[in-house]
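Reading through the structure tokens given below for one structure.
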Amino acid sequence: MSAKLLVFVALATGALSTGSHETQLALANPIRKVVTMLQSMQAKVQEEGEKELALYDKYMCYCKTAGGDLKASIAGAEESISELGNKIKAAEEQMVVLKEELKTAQADRAAAKAAMAEATAIREKEAAAFAAEKAAADKDIAAIAKAVAALGKGMAGAFLQTDAAQILKSIASSKRDTLMEDDRQELLAFLSNTQGTDYAPQSGQITGILKTMGDEMAAGLAEATKAEEAAIAIYEKLMAAKKKEAIALTKEIETKLTRIGDLGVEIAEMKNDLGDTEEALIADKKFFANLDENCEKKKKEWAVIVKTRAEELAALADTIKVLNDDDALELFKKTLPSASSFVQIEATARNTRAKALTDLKQFMQNRPKNAKLELLALALEGKKVGFDKVIKMIDDMVATLKIE
């Protein structure tokens, strides 16, 4: 029988046996109350055991399910880390390609704009040269036309005094390749009025020279105009192509800049996810290791609890069996009415309390100092301590032992 059970039996029996003679006579069998108390304690221990078993089963279920969930979580995290690593690597490689393509597109657009600027500058120079050439040609052709008109009207003398005559003279002096030398000299002589003021061209020789010169200059101007128009068409075609190229490159640059920005955000988010997943994996692994350790510890603790409870229930069952024995009941029935029997019962109670006190003191030696146990010892020694308080101390002691 355990020490606390022995204490309880001793106290209960002692309390009943030390009552008044009238009380003892009123009771048919005092041991029955002790048996009832023990049976109540037995039921309470069993009830507490069932509750603890339910909690233990839940804990073991948690160990199994949590272990499986943790394993799945760890496997998923490791797979996710590998996948995120590959995605980050691919995204960073794509980022390098995009930046190179962006750099090329920016260079191409700059080259297109430079070509447009260069073509525009050349076109402006060509246009200015053509404008000057056309202005000079128009002036020369106008002078020739005036000369032809004046000669046709017989006003050669008056014409020679005009600015148009000086312009024709300058043209004749410079047009060495376009006029035959004889014609040129004849024209210069006319314009210089070396033949005198009464000189009149014969057979329209001078007029013919001037008309030929005018026709040639007009043809040259027409050819220059045609070349200018062709140059303008080429310029406009080039500018249209370069503008289209620049617009396409600008759009490509904007697209690549947007993609680079989005990809940068994706890479940052994936790296954050990778860091969080790695931290979660470390935590899961640590928790999983502690889970196995805690579950094993719980199993060992539960084995001790089961063994201790089994011993307590066995002790209670043995005590109840002894007290319920027919011989014991008959003995109590026979001895209670007798004064000498009361003396014997009281002596037996004293012996039981003494045994309980010895066991309790031995139990207290292996435990820290406990005021409740000391009060219980005082009660067993015969000190004045209320029996209700002792019962409460026993219950508290049972709870304390259970916690320990």
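Residues in the structure tokens are numbered from 1 in each chain, the chains being A, B, ... in the order shown, and ligands are numbered from 1 in the order shown.
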
Selection near segment 269-283 of chain A, 10 Å with only C-alpha atoms, sequence-local residues under 6 positions removed, as a list in words: Leu70, Ser73, Ile74, Ala75, Gly76, Ala77, Glu78, Ser80, Ile81, Ser82, Glu83, Leu84, Gly85, Lys87, Ile88, Ala91, Leu263 and Ala289 of chain A

Nearest residue to Thr255 of chain A from the set A:Val97, A:Val45, A:Ala114, A:Leu102 (distances using only C-alpha atoms): A:Leu102

Proximity to Thr225 of chain A - best of A:Asp395, A:Asp284, A:Glu245, A:Glu126, only C-alpha atoms: A:Glu126

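The two atoms in question, atom CA of Ala241 of chain A and atom CA of Ala117 of chain A, are spaced 13.3 Å apart.
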
Coordinates-based distance that separates atom CA of Ile305 of chain A from atom CA of Asp69 of chain A (Å, one decimal):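 Taking atom CA of Asp69 of chain A and atom CA of Ile305 of chain A, their separation equals 28.7 Å.
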
Selected residue of minimal separation from Gly208 of chain A among A:Ala121, A:Ala399, A:Val148, A:Ala115, counting only C-alpha atoms: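 Checking each of A:Ala121, A:Ala399, A:Val148, A:Ala115 against Gly208 of chain A, counting only C-alpha atoms, the winner is A:Val148.
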
Contact residues around Gln94 of chain A with only C-alpha atoms at 12 Å, ignoring same-chain residues under 6 positions, as a list in words: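 Final neighbour list, sorted by chain and number: Lys87, Ile88, Glu100, Glu101, Lys256, Arg259, Ile260, Asp262, Leu263, Gly264, Glu266 and Ile267 of chain A.
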
If you keep N, CA, C and O atoms, can you produce a file of those selected residues as a PDB file, in the first residue's frame?
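result-v7.pdb was written with the following content:
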```
ATOM      1  N   LYS A  87      14.330  30.141 -61.011  1.00  0.00           N
ATOM      2  CA  LYS A  87      13.608  31.276 -61.586  1.00  0.00           C
ATOM      3  C   LYS A  87      14.404  32.565 -61.460  1.00  0.00           C
ATOM      4  O   LYS A  87      14.454  33.378 -62.389  1.00  0.00           O
ATOM      5  N   ILE A  88      15.029  32.764 -60.308  1.00  0.00           N
ATOM      6  CA  ILE A  88      15.827  33.980 -60.106  1.00  0.00           C
ATOM      7  C   ILE A  88      17.006  34.002 -61.070  1.00  0.00           C
ATOM      8  O   ILE A  88      17.325  35.040 -61.683  1.00  0.00           O
ATOM      9  N   GLU A 100      21.154  44.609 -72.631  1.00  0.00           N
ATOM     10  CA  GLU A 100      21.963  44.680 -73.848  1.00  0.00           C
ATOM     11  C   GLU A 100      21.098  45.110 -75.031  1.00  0.00           C
ATOM     12  O   GLU A 100      21.502  45.950 -75.851  1.00  0.00           O
ATOM     13  N   GLU A 101      19.893  44.534 -75.142  1.00  0.00           N
ATOM     14  CA  GLU A 101      18.989  44.913 -76.214  1.00  0.00           C
ATOM     15  C   GLU A 101      18.569  46.375 -76.084  1.00  0.00           C
ATOM     16  O   GLU A 101      18.445  47.091 -77.089  1.00  0.00           O
ATOM     17  N   LYS A 256      11.078  47.801 -73.409  1.00  0.00           N
ATOM     18  CA  LYS A 256      12.174  47.124 -72.691  1.00  0.00           C
ATOM     19  C   LYS A 256      12.393  47.760 -71.321  1.00  0.00           C
ATOM     20  O   LYS A 256      12.700  47.057 -70.349  1.00  0.00           O
ATOM     21  N   ARG A 259       9.682  46.374 -69.195  1.00  0.00           N
ATOM     22  CA  ARG A 259       9.968  44.968 -68.887  1.00  0.00           C
ATOM     23  C   ARG A 259      11.106  44.856 -67.883  1.00  0.00           C
ATOM     24  O   ARG A 259      11.047  44.025 -66.964  1.00  0.00           O
ATOM     25  N   ILE A 260      12.123  45.696 -68.036  1.00  0.00           N
ATOM     26  CA  ILE A 260      13.251  45.670 -67.088  1.00  0.00           C
ATOM     27  C   ILE A 260      12.771  46.047 -65.690  1.00  0.00           C
ATOM     28  O   ILE A 260      13.157  45.429 -64.685  1.00  0.00           O
ATOM     29  N   ASP A 262       9.621  45.800 -64.491  1.00  0.00           N
ATOM     30  CA  ASP A 262       8.783  44.711 -63.971  1.00  0.00           C
ATOM     31  C   ASP A 262       9.627  43.514 -63.562  1.00  0.00           C
ATOM     32  O   ASP A 262       9.377  42.885 -62.518  1.00  0.00           O
ATOM     33  N   LEU A 263      10.608  43.189 -64.380  1.00  0.00           N
ATOM     34  CA  LEU A 263      11.465  42.039 -64.073  1.00  0.00           C
ATOM     35  C   LEU A 263      12.282  42.294 -62.814  1.00  0.00           C
ATOM     36  O   LEU A 263      12.502  41.376 -62.015  1.00  0.00           O
ATOM     37  N   GLY A 264      12.716  43.541 -62.642  1.00  0.00           N
ATOM     38  CA  GLY A 264      13.443  43.875 -61.412  1.00  0.00           C
ATOM     39  C   GLY A 264      12.580  43.673 -60.177  1.00  0.00           C
ATOM     40  O   GLY A 264      13.044  43.154 -59.156  1.00  0.00           O
ATOM     41  N   GLU A 266       9.988  41.614 -60.012  1.00  0.00           N
ATOM     42  CA  GLU A 266       9.796  40.171 -59.882  1.00  0.00           C
ATOM     43  C   GLU A 266      10.999  39.517 -59.201  1.00  0.00           C
ATOM     44  O   GLU A 266      10.843  38.658 -58.322  1.00  0.00           O
ATOM     45  N   ILE A 267      12.185  39.931 -59.607  1.00  0.00           N
ATOM     46  CA  ILE A 267      13.401  39.360 -59.004  1.00  0.00           C
ATOM     47  C   ILE A 267      13.458  39.688 -57.511  1.00  0.00           C
ATOM     48  O   ILE A 267      13.775  38.827 -56.677  1.00  0.00           O
TER      49      ILE A 267
END
```
